[in-house]
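J.: The structure's right below; bear with me while I get my questions together.
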Amino acid sequence: MSDKLRILITGFGPFPGAPYNPTQTLVARLTRLRRPAFTDVELSSHIFPVTYQAVDCELPLALKKHQPHALLMFGLAGRTKFVRIETRARNAVTMLWPDAAQTRARKGSIADGADAQRFGPHTAKLLHAAKTTGLDARASRDAGSYLCNYLSWRAVEAVNADNGPRLAAFIHIPPLARSGAVRRKGSPRITLEELVDAGEAMLMEMVRLARRAA
């Protein structure tokens, strides 16, 4: 395994109601970034199918393969108009909506015990990094009860386990303006380029935080 600092960036594939998931494009763009700050950083990526089984099976495999020092995750929030930096994962899973494999959760909680698990104080620094790009970004205490929240819960578990990543964060992004669009004054939707800029700022901050945690 490389001695470089390792960051795993993840997104999701399409799901019912969202035939195109922009997190796939965002993750690809961020992973290809070449900056002096990333000279000694190994960026890797993983796109999860939007199923509970995929998260449970593929997250441990991705962590074993890439052995990341930090995990930066993105998901789509279809009804949100701004970027949300999640501060915690809720011990909740919807029993109403099936995943992309048409599987429904059999109970409304993920695990026995705590009502929520916090990512940590580093989420405030990621929020600040996103805001420096001029994008509307806000802290969130509610990651929902679907796959984004489920992955967040499993990621925090991994951080708390032996030999797991030192840091994890989950970012909800809104639907984007159509491809090639330029933001017009008053437009409610951000563009891909704006999102990539904010994603890069958060990634650079995550690199700095992971170095400090090493």
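Please note that chains go A, B, ... in the order of the structure tokens, that every chain numbers its residues from 1, and that ligands are numbered from 1 in the order shown.
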Could you pull out the alpha helix (DSSP H) residues of range 71-135 of chain A, going by DSSP on the backbone, and write them as number ranges by chain?
T.: A: 122-131
J.: Identify, on the basis of only C-alpha atoms, every residue whose closest approach to Lys125 in chain A does not exceed 9 Å; exclude the query and any residue fewer than 4 positions from it along the same chain; express the result as a list in words.
T.: Pro121, Ala129, Ala130, Met202, Glu205, Met206 and Leu209 of chain A
J.: Might you pull out every residue within 12 Å of Pro19 in chain A, with only C-alpha atoms counted and same-chain residues fewer than 5 positions away left off, and present them as an NGL selection string?
T.: :A and (12-14 or 24 or 50 or 76 or 78 or 100 or 175)
J.: Skip Lys131 in chain A itself and residues of its chain fewer than 4 positions away, then list as a list of chain:residue names all residues within 10 Å of it, counting only C-alpha atoms.
T.: A:Val83, A:Lys125, A:Leu126, A:Leu127, A:Leu135, A:Asp136, A:Ala137, A:Arg138, A:Ala198, A:Ala201, A:Met202
J.: With all heavy atoms retained, export the selected residues as an mmCIF file, in the first residue's frame.
T.:
```cif
data_model
loop_
_atom_site.group_PDB
_atom_site.id
_atom_site.type_symbol
_atom_site.label_atom_id
_atom_site.label_comp_id
_atom_site.auth_asym_id
_atom_site.auth_seq_id
_atom_site.Cartn_x
_atom_site.Cartn_y
_atom_site.Cartn_z
ATOM 1 N N VAL A 83 -26.020 23.232 -0.791
ATOM 2 C CA VAL A 83 -25.152 22.129 -0.379
ATOM 3 C C VAL A 83 -25.281 21.937 1.129
ATOM 4 O O VAL A 83 -25.239 22.905 1.898
ATOM 5 C CB VAL A 83 -23.684 22.431 -0.752
ATOM 6 C CG1 VAL A 83 -22.743 21.406 -0.127
ATOM 7 C CG2 VAL A 83 -23.522 22.436 -2.271
ATOM 8 N N LYS A 125 -15.281 22.851 9.547
ATOM 9 C CA LYS A 125 -14.200 23.326 8.674
ATOM 10 C C LYS A 125 -14.528 23.046 7.207
ATOM 11 O O LYS A 125 -14.200 23.848 6.325
ATOM 12 C CB LYS A 125 -12.885 22.678 9.083
ATOM 13 C CG LYS A 125 -12.440 23.053 10.498
ATOM 14 C CD LYS A 125 -11.087 22.483 10.835
ATOM 15 C CE LYS A 125 -10.686 22.819 12.268
ATOM 16 N NZ LYS A 125 -10.593 24.300 12.483
ATOM 17 N N LEU A 126 -15.169 21.927 6.946
ATOM 18 C CA LEU A 126 -15.598 21.645 5.570
ATOM 19 C C LEU A 126 -16.667 22.638 5.125
ATOM 20 O O LEU A 126 -16.675 23.074 3.970
ATOM 21 C CB LEU A 126 -16.129 20.216 5.471
ATOM 22 C CG LEU A 126 -15.131 19.093 5.742
ATOM 23 C CD1 LEU A 126 -15.830 17.741 5.624
ATOM 24 C CD2 LEU A 126 -13.951 19.154 4.797
ATOM 25 N N LEU A 127 -17.557 22.989 6.034
ATOM 26 C CA LEU A 127 -18.580 23.983 5.721
ATOM 27 C C LEU A 127 -17.941 25.316 5.369
ATOM 28 O O LEU A 127 -18.314 25.958 4.374
ATOM 29 C CB LEU A 127 -19.533 24.138 6.904
ATOM 30 C CG LEU A 127 -20.591 25.237 6.791
ATOM 31 C CD1 LEU A 127 -21.511 24.989 5.616
ATOM 32 C CD2 LEU A 127 -21.399 25.331 8.097
ATOM 33 N N LEU A 135 -20.529 29.468 -2.713
ATOM 34 C CA LEU A 135 -21.699 28.615 -2.848
ATOM 35 C C LEU A 135 -22.537 28.661 -1.570
ATOM 36 O O LEU A 135 -22.009 28.832 -0.476
ATOM 37 C CB LEU A 135 -21.251 27.178 -3.115
ATOM 38 C CG LEU A 135 -22.212 26.266 -3.880
ATOM 39 C CD1 LEU A 135 -22.448 26.809 -5.278
ATOM 40 C CD2 LEU A 135 -21.639 24.864 -3.974
ATOM 41 N N ASP A 136 -23.829 28.489 -1.709
ATOM 42 C CA ASP A 136 -24.720 28.408 -0.557
ATOM 43 C C ASP A 136 -24.562 27.028 0.063
ATOM 44 O O ASP A 136 -25.020 26.024 -0.487
ATOM 45 C CB ASP A 136 -26.168 28.640 -0.997
ATOM 46 C CG ASP A 136 -27.145 28.698 0.184
ATOM 47 O OD1 ASP A 136 -26.696 28.573 1.343
ATOM 48 O OD2 ASP A 136 -28.355 28.864 -0.065
ATOM 49 N N ALA A 137 -23.879 26.983 1.196
ATOM 50 C CA ALA A 137 -23.640 25.723 1.896
ATOM 51 C C ALA A 137 -24.060 25.895 3.348
ATOM 52 O O ALA A 137 -23.819 26.942 3.952
ATOM 53 C CB ALA A 137 -22.176 25.329 1.810
ATOM 54 N N ARG A 138 -24.679 24.870 3.898
ATOM 55 C CA ARG A 138 -25.198 24.947 5.264
ATOM 56 C C ARG A 138 -24.978 23.630 5.988
ATOM 57 O O ARG A 138 -24.939 22.568 5.376
ATOM 58 C CB ARG A 138 -26.694 25.274 5.246
ATOM 59 C CG ARG A 138 -27.064 26.480 4.396
ATOM 60 C CD ARG A 138 -28.557 26.698 4.338
ATOM 61 N NE ARG A 138 -28.920 27.633 3.269
ATOM 62 C CZ ARG A 138 -30.169 27.997 2.996
ATOM 63 N NH1 ARG A 138 -31.171 27.497 3.717
ATOM 64 N NH2 ARG A 138 -30.399 28.845 2.001
ATOM 65 N N ALA A 198 -16.498 23.966 -5.184
ATOM 66 C CA ALA A 198 -16.766 23.752 -3.761
ATOM 67 C C ALA A 198 -16.249 22.392 -3.309
ATOM 68 O O ALA A 198 -15.698 22.252 -2.209
ATOM 69 C CB ALA A 198 -18.262 23.870 -3.486
ATOM 70 N N ALA A 201 -12.542 22.583 -2.800
ATOM 71 C CA ALA A 201 -12.213 23.272 -1.549
ATOM 72 C C ALA A 201 -12.393 22.352 -0.350
ATOM 73 O O ALA A 201 -11.551 22.319 0.563
ATOM 74 C CB ALA A 201 -13.080 24.522 -1.401
ATOM 75 N N MET A 202 -13.480 21.584 -0.349
ATOM 76 C CA MET A 202 -13.706 20.650 0.760
ATOM 77 C C MET A 202 -12.699 19.519 0.742
ATOM 78 O O MET A 202 -12.228 19.071 1.802
ATOM 79 C CB MET A 202 -15.136 20.115 0.693
ATOM 80 C CG MET A 202 -16.189 21.139 1.075
ATOM 81 S SD MET A 202 -17.874 20.465 1.147
ATOM 82 C CE MET A 202 -18.265 20.354 -0.604
#
```
J.: So which residues touch Trp153 in chain A within 10 Å, counting only C-alpha atoms, skipping near sequence neighbours fewer than 4 positions away, as a PDB file with all heavy atoms, in the first residue's frame?
T.:
```
ATOM      1  N   ARG A  88     -24.184  14.615  11.282  1.00  0.00           N
ATOM      2  CA  ARG A  88     -24.416  13.361  11.993  1.00  0.00           C
ATOM      3  C   ARG A  88     -25.209  12.397  11.117  1.00  0.00           C
ATOM      4  O   ARG A  88     -25.815  12.783  10.110  1.00  0.00           O
ATOM      5  CB  ARG A  88     -25.179  13.601  13.297  1.00  0.00           C
ATOM      6  CG  ARG A  88     -26.561  14.191  13.094  1.00  0.00           C
ATOM      7  CD  ARG A  88     -27.285  14.400  14.402  1.00  0.00           C
ATOM      8  NE  ARG A  88     -28.715  14.640  14.164  1.00  0.00           N
ATOM      9  CZ  ARG A  88     -29.669  14.487  15.062  1.00  0.00           C
ATOM     10  NH1 ARG A  88     -29.351  14.090  16.292  1.00  0.00           N
ATOM     11  NH2 ARG A  88     -30.929  14.718  14.766  1.00  0.00           N
ATOM     12  N   ALA A  89     -25.190  11.144  11.493  1.00  0.00           N
ATOM     13  CA  ALA A  89     -26.012  10.111  10.865  1.00  0.00           C
ATOM     14  C   ALA A  89     -27.085   9.700  11.864  1.00  0.00           C
ATOM     15  O   ALA A  89     -26.793   9.485  13.040  1.00  0.00           O
ATOM     16  CB  ALA A  89     -25.155   8.908  10.482  1.00  0.00           C
ATOM     17  N   ARG A  90     -28.315   9.611  11.406  1.00  0.00           N
ATOM     18  CA  ARG A  90     -29.426   9.254  12.266  1.00  0.00           C
ATOM     19  C   ARG A  90     -29.636   7.739  12.269  1.00  0.00           C
ATOM     20  O   ARG A  90     -29.436   7.074  11.255  1.00  0.00           O
ATOM     21  CB  ARG A  90     -30.708   9.942  11.791  1.00  0.00           C
ATOM     22  CG  ARG A  90     -30.632  11.449  11.782  1.00  0.00           C
ATOM     23  CD  ARG A  90     -31.809  12.078  11.059  1.00  0.00           C
ATOM     24  NE  ARG A  90     -33.080  11.712  11.646  1.00  0.00           N
ATOM     25  CZ  ARG A  90     -34.056  11.084  10.984  1.00  0.00           C
ATOM     26  NH1 ARG A  90     -33.906  10.749   9.707  1.00  0.00           N
ATOM     27  NH2 ARG A  90     -35.188  10.793  11.585  1.00  0.00           N
ATOM     28  N   ASN A  91     -30.036   7.222  13.407  1.00  0.00           N
ATOM     29  CA  ASN A  91     -30.333   5.795  13.509  1.00  0.00           C
ATOM     30  C   ASN A  91     -31.756   5.558  13.014  1.00  0.00           C
ATOM     31  O   ASN A  91     -32.672   5.216  13.767  1.00  0.00           O
ATOM     32  CB  ASN A  91     -30.178   5.321  14.952  1.00  0.00           C
ATOM     33  CG  ASN A  91     -30.251   3.800  15.071  1.00  0.00           C
ATOM     34  OD1 ASN A  91     -30.247   3.088  14.072  1.00  0.00           O
ATOM     35  ND2 ASN A  91     -30.315   3.310  16.295  1.00  0.00           N
ATOM     36  N   ALA A  92     -31.936   5.799  11.713  1.00  0.00           N
ATOM     37  CA  ALA A  92     -33.265   5.714  11.116  1.00  0.00           C
ATOM     38  C   ALA A  92     -33.145   5.262   9.674  1.00  0.00           C
ATOM     39  O   ALA A  92     -32.206   5.634   8.966  1.00  0.00           O
ATOM     40  CB  ALA A  92     -33.968   7.071  11.174  1.00  0.00           C
ATOM     41  N   ILE A 110     -31.372   1.449  12.147  1.00  0.00           N
ATOM     42  CA  ILE A 110     -30.227   0.762  11.550  1.00  0.00           C
ATOM     43  C   ILE A 110     -29.591  -0.203  12.534  1.00  0.00           C
ATOM     44  O   ILE A 110     -29.196  -1.310  12.180  1.00  0.00           O
ATOM     45  CB  ILE A 110     -29.182   1.786  11.069  1.00  0.00           C
ATOM     46  CG1 ILE A 110     -29.807   2.727  10.036  1.00  0.00           C
ATOM     47  CG2 ILE A 110     -27.958   1.080  10.476  1.00  0.00           C
ATOM     48  CD1 ILE A 110     -28.906   3.880   9.639  1.00  0.00           C
ATOM     49  N   ALA A 111     -29.487   0.235  13.789  1.00  0.00           N
ATOM     50  CA  ALA A 111     -28.811  -0.569  14.806  1.00  0.00           C
ATOM     51  C   ALA A 111     -29.437  -0.299  16.161  1.00  0.00           C
ATOM     52  O   ALA A 111     -30.181   0.681  16.340  1.00  0.00           O
ATOM     53  CB  ALA A 111     -27.320  -0.237  14.847  1.00  0.00           C
ATOM     54  N   ALA A 116     -28.225   8.722  17.204  1.00  0.00           N
ATOM     55  CA  ALA A 116     -27.433   9.338  16.138  1.00  0.00           C
ATOM     56  C   ALA A 116     -25.946   9.143  16.423  1.00  0.00           C
ATOM     57  O   ALA A 116     -25.542   8.881  17.561  1.00  0.00           O
ATOM     58  CB  ALA A 116     -27.753  10.822  16.027  1.00  0.00           C
ATOM     59  N   GLN A 117     -25.146   9.255  15.387  1.00  0.00           N
ATOM     60  CA  GLN A 117     -23.695   9.242  15.503  1.00  0.00           C
ATOM     61  C   GLN A 117     -23.155  10.490  14.797  1.00  0.00           C
ATOM     62  O   GLN A 117     -23.512  10.751  13.649  1.00  0.00           O
ATOM     63  CB  GLN A 117     -23.088   7.996  14.837  1.00  0.00           C
ATOM     64  CG  GLN A 117     -23.495   6.682  15.461  1.00  0.00           C
ATOM     65  CD  GLN A 117     -22.735   5.520  14.848  1.00  0.00           C
ATOM     66  OE1 GLN A 117     -21.880   4.913  15.471  1.00  0.00           O
ATOM     67  NE2 GLN A 117     -23.050   5.199  13.604  1.00  0.00           N
ATOM     68  N   ARG A 118     -22.296  11.234  15.462  1.00  0.00           N
ATOM     69  CA  ARG A 118     -21.767  12.469  14.904  1.00  0.00           C
ATOM     70  C   ARG A 118     -20.500  12.197  14.091  1.00  0.00           C
ATOM     71  O   ARG A 118     -19.686  11.350  14.448  1.00  0.00           O
ATOM     72  CB  ARG A 118     -21.469  13.476  16.008  1.00  0.00           C
ATOM     73  CG  ARG A 118     -22.712  13.924  16.768  1.00  0.00           C
ATOM     74  CD  ARG A 118     -22.377  15.035  17.758  1.00  0.00           C
ATOM     75  NE  ARG A 118     -21.937  16.240  17.066  1.00  0.00           N
ATOM     76  CZ  ARG A 118     -22.765  17.148  16.573  1.00  0.00           C
ATOM     77  NH1 ARG A 118     -24.075  16.999  16.683  1.00  0.00           N
ATOM     78  NH2 ARG A 118     -22.293  18.215  15.959  1.00  0.00           N
ATOM     79  N   PHE A 119     -20.352  12.953  13.006  1.00  0.00           N
ATOM     80  CA  PHE A 119     -19.129  12.851  12.220  1.00  0.00           C
ATOM     81  C   PHE A 119     -17.949  13.464  12.958  1.00  0.00           C
ATOM     82  O   PHE A 119     -16.841  12.959  12.883  1.00  0.00           O
ATOM     83  CB  PHE A 119     -19.301  13.561  10.863  1.00  0.00           C
ATOM     84  CG  PHE A 119     -20.056  12.741   9.857  1.00  0.00           C
ATOM     85  CD1 PHE A 119     -21.349  13.082   9.503  1.00  0.00           C
ATOM     86  CD2 PHE A 119     -19.475  11.632   9.265  1.00  0.00           C
ATOM     87  CE1 PHE A 119     -22.045  12.346   8.562  1.00  0.00           C
ATOM     88  CE2 PHE A 119     -20.160  10.878   8.324  1.00  0.00           C
ATOM     89  CZ  PHE A 119     -21.459  11.239   7.969  1.00  0.00           C
ATOM     90  N   ALA A 143     -29.711  13.819   7.844  1.00  0.00           N
ATOM     91  CA  ALA A 143     -29.299  13.239   6.564  1.00  0.00           C
ATOM     92  C   ALA A 143     -30.399  12.402   5.932  1.00  0.00           C
ATOM     93  O   ALA A 143     -30.158  11.687   4.961  1.00  0.00           O
ATOM     94  CB  ALA A 143     -28.042  12.386   6.765  1.00  0.00           C
ATOM     95  N   LEU A 147     -30.626   5.990   1.643  1.00  0.00           N
ATOM     96  CA  LEU A 147     -29.290   5.407   1.494  1.00  0.00           C
ATOM     97  C   LEU A 147     -28.164   6.345   1.911  1.00  0.00           C
ATOM     98  O   LEU A 147     -27.118   5.895   2.390  1.00  0.00           O
ATOM     99  CB  LEU A 147     -29.077   4.940   0.058  1.00  0.00           C
ATOM    100  CG  LEU A 147     -29.413   3.466  -0.244  1.00  0.00           C
ATOM    101  CD1 LEU A 147     -28.503   2.520   0.525  1.00  0.00           C
ATOM    102  CD2 LEU A 147     -30.858   3.140   0.032  1.00  0.00           C
ATOM    103  N   CYS A 148     -28.351   7.648   1.724  1.00  0.00           N
ATOM    104  CA  CYS A 148     -27.289   8.585   2.127  1.00  0.00           C
ATOM    105  C   CYS A 148     -27.059   8.520   3.631  1.00  0.00           C
ATOM    106  O   CYS A 148     -25.915   8.476   4.103  1.00  0.00           O
ATOM    107  CB  CYS A 148     -27.656  10.008   1.710  1.00  0.00           C
ATOM    108  SG  CYS A 148     -27.639  10.269  -0.075  1.00  0.00           S
ATOM    109  N   ASN A 149     -28.141   8.523   4.382  1.00  0.00           N
ATOM    110  CA  ASN A 149     -28.023   8.406   5.831  1.00  0.00           C
ATOM    111  C   ASN A 149     -27.478   7.039   6.231  1.00  0.00           C
ATOM    112  O   ASN A 149     -26.661   6.914   7.157  1.00  0.00           O
ATOM    113  CB  ASN A 149     -29.379   8.644   6.486  1.00  0.00           C
ATOM    114  CG  ASN A 149     -29.319   8.566   7.993  1.00  0.00           C
ATOM    115  OD1 ASN A 149     -28.790   9.422   8.669  1.00  0.00           O
ATOM    116  ND2 ASN A 149     -29.877   7.486   8.550  1.00  0.00           N
ATOM    117  N   GLU A 157     -19.372   4.225  11.750  1.00  0.00           N
ATOM    118  CA  GLU A 157     -18.976   2.966  12.386  1.00  0.00           C
ATOM    119  C   GLU A 157     -17.555   2.579  11.990  1.00  0.00           C
ATOM    120  O   GLU A 157     -16.763   2.130  12.834  1.00  0.00           O
ATOM    121  CB  GLU A 157     -19.938   1.843  11.978  1.00  0.00           C
ATOM    122  CG  GLU A 157     -21.294   1.878  12.656  1.00  0.00           C
ATOM    123  CD  GLU A 157     -22.161   0.712  12.255  1.00  0.00           C
ATOM    124  OE1 GLU A 157     -21.974   0.154  11.153  1.00  0.00           O
ATOM    125  OE2 GLU A 157     -23.063   0.345  13.048  1.00  0.00           O
ATOM    126  N   ALA A 158     -17.226   2.750  10.712  1.00  0.00           N
ATOM    127  CA  ALA A 158     -15.886   2.390  10.232  1.00  0.00           C
ATOM    128  C   ALA A 158     -14.819   3.266  10.873  1.00  0.00           C
ATOM    129  O   ALA A 158     -13.730   2.791  11.217  1.00  0.00           O
ATOM    130  CB  ALA A 158     -15.833   2.512   8.708  1.00  0.00           C
TER     131      ALA A 158
END
```
J.: Per residue of range 145-207 of chain A within 10 Å of range 65-71 of chain A, record the nearest atom pair and its distance in Å to one decimal, counting only C-alpha atoms, with rows in chain order and ascending residue number, as a tab-separated table.
T.:
```
residue	atom	partner	partner_atom	distance
A:Ala155	CA	A:Leu71	CA	7.9
A:Val156	CA	A:Leu71	CA	9.8
A:Ala158	CA	A:Leu71	CA	9.9
A:Val159	CA	A:Ala70	CA	8.8
A:Asn163	CA	A:Gln67	CA	8.5
A:Gly164	CA	A:Gln67	CA	7.5
A:Pro165	CA	A:His69	CA	4.6
A:Arg166	CA	A:His69	CA	5.5
A:Leu167	CA	A:Ala70	CA	4.7
A:Ala168	CA	A:Leu71	CA	4.5
A:Ala169	CA	A:Leu71	CA	6.4
A:Phe170	CA	A:Leu71	CA	8.5
A:Leu203	CA	A:Leu71	CA	9.9
A:Met206	CA	A:Ala70	CA	7.3
A:Val207	CA	A:Ala70	CA	7.9
```
J.: At what distance in Å, to one decimal, does CA of Leu26 in chain A lie from CA of Leu195 in chain A?
T.: 7.6 Å
J.: List as JSON, numbers by chain the protein and nucleic acid residues near Pro16 in chain A, meaning an atom at most 10 Å away when only C-alpha atoms are counted, but skip any in the same chain fewer than 6 places from it.
T.: {"A": [50, 97, 98, 99, 100, 101, 102]}
J.: Which residues come within 7 Å of Ala139 in chain A, counting only C-alpha atoms, excluding same-chain residues fewer than 5 positions away, as a PyMOL selection string?
T.: chain A and resi 84-87+127
J.: So, with only C-alpha atoms as the atoms that count, which of A:Gly134, A:Phe15, A:Leu5, A:Ala213 lies closest to Phe82 in chain A?
T.: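 Answer, going by the shortest atom-to-atom distance: A:Gly134.
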J.: Pull the strand (DSSP E or B) assignments for range 11-56 of chain A out of DSSP run on the backbone, and list those residues as a list of chain:residue names.
T.: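 Filtering range 11-56 of chain A to strand (DSSP E or B) leaves A:Gly11, A:Phe12, A:Phe15, A:Ala18, A:Val41, A:Glu42, A:Leu43, A:Ser44, A:Ser45, A:His46, A:Ile47, A:Phe48.
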J.: Could you write out that same residue set with all heavy atoms as a compact mmCIF listing (two decimals), in the first residue's frame?
T.:
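And here is the file that came out, selection_21.txt:
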```txt
# COMPACT_ATOMS: atom_id res chain seq x y z
N GLY A 11 -19.68 8.39 -4.39
CA GLY A 11 -20.97 8.91 -4.83
C GLY A 11 -21.94 7.76 -4.99
O GLY A 11 -21.63 6.61 -4.64
N PHE A 12 -23.09 8.07 -5.57
CA PHE A 12 -24.12 7.06 -5.79
C PHE A 12 -24.54 7.03 -7.25
O PHE A 12 -24.42 8.03 -7.97
CB PHE A 12 -25.36 7.37 -4.95
CG PHE A 12 -25.27 6.95 -3.52
CD1 PHE A 12 -25.08 7.89 -2.52
CD2 PHE A 12 -25.40 5.62 -3.16
CE1 PHE A 12 -25.01 7.50 -1.19
CE2 PHE A 12 -25.32 5.21 -1.84
CZ PHE A 12 -25.13 6.16 -0.84
N PHE A 15 -31.24 6.26 -8.97
CA PHE A 15 -32.21 5.59 -8.11
C PHE A 15 -33.60 6.05 -8.51
O PHE A 15 -33.74 6.99 -9.31
CB PHE A 15 -31.92 5.87 -6.63
CG PHE A 15 -31.91 7.33 -6.25
CD1 PHE A 15 -33.04 7.97 -5.77
CD2 PHE A 15 -30.74 8.07 -6.36
CE1 PHE A 15 -33.03 9.29 -5.41
CE2 PHE A 15 -30.71 9.41 -5.99
CZ PHE A 15 -31.86 10.02 -5.52
N ALA A 18 -34.53 9.58 -9.75
CA ALA A 18 -33.31 10.29 -10.15
C ALA A 18 -32.53 9.44 -11.15
O ALA A 18 -31.56 8.76 -10.78
CB ALA A 18 -32.45 10.62 -8.93
N VAL A 41 -0.77 12.88 -2.37
CA VAL A 41 -2.08 12.36 -2.00
C VAL A 41 -2.57 11.39 -3.06
O VAL A 41 -2.47 11.65 -4.25
CB VAL A 41 -3.11 13.51 -1.84
CG1 VAL A 41 -4.49 12.94 -1.49
CG2 VAL A 41 -2.65 14.48 -0.76
N GLU A 42 -3.08 10.26 -2.62
CA GLU A 42 -3.66 9.28 -3.53
C GLU A 42 -5.18 9.39 -3.45
O GLU A 42 -5.77 9.08 -2.41
CB GLU A 42 -3.20 7.87 -3.15
CG GLU A 42 -3.67 6.79 -4.09
CD GLU A 42 -3.11 5.43 -3.70
OE1 GLU A 42 -1.87 5.30 -3.62
OE2 GLU A 42 -3.92 4.51 -3.46
N LEU A 43 -5.80 9.83 -4.54
CA LEU A 43 -7.25 9.98 -4.60
C LEU A 43 -7.85 8.77 -5.29
O LEU A 43 -7.45 8.41 -6.39
CB LEU A 43 -7.63 11.25 -5.36
CG LEU A 43 -7.10 12.57 -4.81
CD1 LEU A 43 -7.48 13.72 -5.73
CD2 LEU A 43 -7.63 12.82 -3.40
N SER A 44 -8.82 8.15 -4.66
CA SER A 44 -9.51 7.01 -5.26
C SER A 44 -11.01 7.26 -5.14
O SER A 44 -11.46 8.14 -4.41
CB SER A 44 -9.13 5.70 -4.58
OG SER A 44 -9.37 5.76 -3.18
N SER A 45 -11.79 6.47 -5.88
CA SER A 45 -13.23 6.71 -5.90
C SER A 45 -14.01 5.41 -5.89
O SER A 45 -13.50 4.34 -6.24
CB SER A 45 -13.61 7.53 -7.14
OG SER A 45 -13.36 6.79 -8.32
N HIS A 46 -15.28 5.54 -5.51
CA HIS A 46 -16.20 4.40 -5.56
C HIS A 46 -17.61 4.94 -5.72
O HIS A 46 -17.99 5.91 -5.05
CB HIS A 46 -16.11 3.56 -4.29
CG HIS A 46 -16.92 2.30 -4.37
ND1 HIS A 46 -16.43 1.15 -4.96
CD2 HIS A 46 -18.18 2.01 -3.96
CE1 HIS A 46 -17.36 0.21 -4.91
NE2 HIS A 46 -18.43 0.70 -4.30
N ILE A 47 -18.36 4.33 -6.61
CA ILE A 47 -19.77 4.69 -6.82
C ILE A 47 -20.63 3.52 -6.33
O ILE A 47 -20.52 2.40 -6.81
CB ILE A 47 -20.07 4.98 -8.30
CG1 ILE A 47 -19.21 6.14 -8.81
CG2 ILE A 47 -21.56 5.29 -8.48
CD1 ILE A 47 -19.44 7.46 -8.09
N PHE A 48 -21.48 3.81 -5.37
CA PHE A 48 -22.36 2.78 -4.80
C PHE A 48 -23.67 2.69 -5.58
O PHE A 48 -24.31 3.71 -5.83
CB PHE A 48 -22.70 3.12 -3.35
CG PHE A 48 -21.58 3.00 -2.38
CD1 PHE A 48 -20.86 4.12 -1.99
CD2 PHE A 48 -21.22 1.77 -1.85
CE1 PHE A 48 -19.82 4.03 -1.09
CE2 PHE A 48 -20.18 1.65 -0.95
CZ PHE A 48 -19.47 2.79 -0.56
```
J.: How many Å lie between CA of Leu59 in chain A and CA of Phe74 in chain A, rounded to one decimal?
T.: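 These two atoms are separated by 13.9 Å.
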J.: Find, counting only C-alpha atoms, the residue in A:Arg35, A:Arg79, A:Arg29, A:Arg154 that gets nearest to Tyr52 in chain A.
T.: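 Looking only at the distances to Tyr52 in chain A, the closest residue turns out to be A:Arg154.
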J.: Which residue gives the smallest distance to Leu192 in chain A among A:Val27, A:Met204, A:Leu151, A:Ala54, with only C-alpha atoms counted?
T.: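 Closest to Leu192 in chain A, using only C-alpha atoms: A:Val27.
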J.: With only C-alpha atoms as the basis for distance, which of A:Thr51, A:Ser145, A:Thr10, A:Ser140 is at the shortest distance from Leu63 in chain A?
T.: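 The closest residue to Leu63 in chain A is A:Thr10.
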J.: What is the distance between CA of Glu194 in chain A and CA of Arg34 in chain A, in Å to one decimal?
T.: 17.6 Å
J.: Using only C-alpha atoms, find the one residue out of A:Thr94, A:Thr31, A:Asn21, A:Thr191 that sits nearest to Arg6 in chain A.
T.: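 Ranked by minimum distance to Arg6 in chain A, first place goes to A:Thr31.
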